[in-house]
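Enquirer: Here it is: the structure, laid out below.
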Amino acid sequence: MNDQYSHIDENAIAKYLSGEANATEIKRLMDWVESSDENLEEFIRYEKLWSESSVHRPFNAQKAWPKVCRRISQKKHRFNLYYFSAAAAAIIILIVMSVPFFNTKTTLSSPEFAIASANSILNSTLPDGSSVLLSKHSKIEYTFDAQKQIRLTKLSGKAFFNVKRDTKHRFVVEANRGGVEVLGTKFSVNELKNKDVRVYVLSGRVKVFLVQASKDTLSLIITNGEKALIKASSDTIIQQTQKASAFHSINKTNIIHKTITFRNMDLPTIMAKLERYYSVNIKIDNTVDKKLRFSSSFKDNSLNEILTVITQTLNLDYTKRGNTYYIKNGKDEQ
Amino acid sequence: MTCANIWQTKEGFEILFKQYYEPLCNFVFGMVKDYDASEDVIQELFVKLWEKRNDFSDDISVKAYLYRAARNMALNQIRHFGIKKDFNLFNRMKMSDAEQGISNPAETSELQQMIAQAVNELPPERKKIFLMSREDGLKYKEIAGELNISIKTVENQMGKALSTLRTELSDYLPAIIIAICIGIK
């Protein structure tokens, strides 16, 4: 970023992003954005900061997608011929590429189905009816493991799966030492060069797991729009999109607006957040399941109201002594 | 005619859409200044991109294309329909708040928390102005009126607040951009 445009006034960016810029200011900023890739990246960083700095999210991709999907699907028939030719190409690549791939696996029971992609991506259907979109230079093997009654896919590279629902036979994708167990869903798995594995879930729920060096297995459930990174080097799984936010603002009349949002957060995290927020102590009884999760948003509610909602939802109970709240199991559970 | 990029397939296109829809809407909002119109522009852009997907070669950055096309389409929109003068930011924000529980954008809570912390540490006046804009959805003019300061001061304080966030979170931001790009290319 050493060109003549390297410095841009943050006033102009803030003004633009809040919809306050006039035509001249818009043009000036746009010219800067388009003058180099670095400037575009820099602008995207500011934009990211800007949108993440507020709990108000005016745009929702999940809701907009069905509208766009409907519009692009209507025109699909125009491309039928194209799909046909792509399929023909895929089969040829499959034959060419699969020969060395099978040979390396001679000692093991050969998989039912294997494909590998070369310089283009492949769209394929597995024997169980699930569809796979294989990125360039990637390969998968599919086997039905009759002993464990699971659908097992081994992946090297990057692939997007649309798994056919079959609750009796779980669908498992293994990549390196980790993998994904599917609970019916669309998701992508990307094995990175450093042996880490990145998982992105478009819809549904998946369980991400990692067989640790100590032979224990770590697992984590992620859902719609979330990402997880299986770190081979540090033997851990990182959830990259846990959703939680809490902000408060004070307006001129000194009324405090408190909005507190929990999205699929576990109980200890929720209570820690409430402690900070309301400056109280909250103690969770040892008998309470720490893995309980809760999602909701509260605006201008008292702590008592929030705790009542949470405890009733999770079948818990709470009492207050002094400045300390005690969370314990609900009566009908004991 | 080969499919060089994953986004050129239906499934890949959905991923592309979900990653770029919100940032692009935010991007054109600065020009068209209307939430619904911003969404219309970006939806139209994705429909057009899908229709033209086979014209793309391997080495063209789809991100750069999206931003450039978004700008052009937003300018066309303004030319044809003009800029709405009095957009009602606050009502729209309230509505989206109610929707928030069911919305599920891919987001990074760690970043949000770090931003919240950085905002919290801003000088009191700057923090107040920033929150009046971002949380209460007030326009610069309204903030200036309420606090009895000039619009220029609001502009400066907003710019400085953004600048502080950029500096404080500089180590963190490039990683996010990379994370967003990875699923696609």
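Labeling convention for the structure tokens: chains A, B, ... as they appear, residues from 1 per chain, ligands from 1 in order of appearance.
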Which residues are near region 119-130 of chain B? Cut-off 7 Å, only C-alpha atoms, ignore same chain within fewer than 5 positions. Put them as JSON, numbers by chain.

Expert: {"B": [143, 154, 157, 158, 161]}

Enquirer: Selection from above, N, CA, C and O atoms, as an mmCIF file, in the first residue's frame, can you write it?

Expert:
data_model
loop_
_atom_site.group_PDB
_atom_site.id
_atom_site.type_symbol
_atom_site.label_atom_id
_atom_site.label_comp_id
_atom_site.auth_asym_id
_atom_site.auth_seq_id
_atom_site.Cartn_x
_atom_site.Cartn_y
_atom_site.Cartn_z
ATOM 1 N N ILE B 143 -27.586 13.409 15.619
ATOM 2 C CA ILE B 143 -26.612 13.328 16.716
ATOM 3 C C ILE B 143 -26.122 14.731 17.068
ATOM 4 O O ILE B 143 -26.077 15.121 18.234
ATOM 5 N N VAL B 154 -19.230 15.583 14.572
ATOM 6 C CA VAL B 154 -19.719 14.202 14.520
ATOM 7 C C VAL B 154 -18.904 13.408 13.501
ATOM 8 O O VAL B 154 -18.427 12.303 13.783
ATOM 9 N N GLN B 157 -15.441 12.675 14.876
ATOM 10 C CA GLN B 157 -15.457 11.676 15.943
ATOM 11 C C GLN B 157 -15.727 10.283 15.396
ATOM 12 O O GLN B 157 -15.125 9.304 15.832
ATOM 13 N N MET B 158 -16.627 10.187 14.422
ATOM 14 C CA MET B 158 -16.921 8.886 13.812
ATOM 15 C C MET B 158 -15.692 8.335 13.090
ATOM 16 O O MET B 158 -15.371 7.154 13.189
ATOM 17 N N ALA B 161 -13.190 7.200 15.647
ATOM 18 C CA ALA B 161 -13.617 5.941 16.270
ATOM 19 C C ALA B 161 -13.276 4.770 15.345
ATOM 20 O O ALA B 161 -12.712 3.760 15.763
#

Enquirer: If I take CA of Ser296 (chain A) and CA of Ile310 (chain A), how far is one from the other in Å, to one decimal?

Expert: 8.8 Å

Enquirer: Counting only C-alpha atoms, which of A:Ser156, A:Asn176, A:Asn60, A:Thr287 gets nearest to chain B?

Expert: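 For chain B, the nearest of the given residues is A:Asn60.
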
Enquirer: What's the separation between CA of Trp7 (chain B) and CA of Val163 (chain A), in Å to one decimal place?

Expert: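 Result for CA of Trp7 (chain B) versus CA of Val163 (chain A): 18.9 Å, one decimal.
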
Enquirer: Can you tell me how far CA of Leu316 (chain A) sits from CA of Arg276 (chain A), in Å to one decimal?

Expert: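 Distance between the two atoms: 21.2 Å.
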
Enquirer: List the spatial neighbours of Gly322 (chain A) as a list in words - criterion: any atom at most 12 Å away, only C-alpha atoms, same-chain residues fewer than 5 positions off excluded.

Expert: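 Those residues are Val280, Asn281 and Ile282 of chain A.
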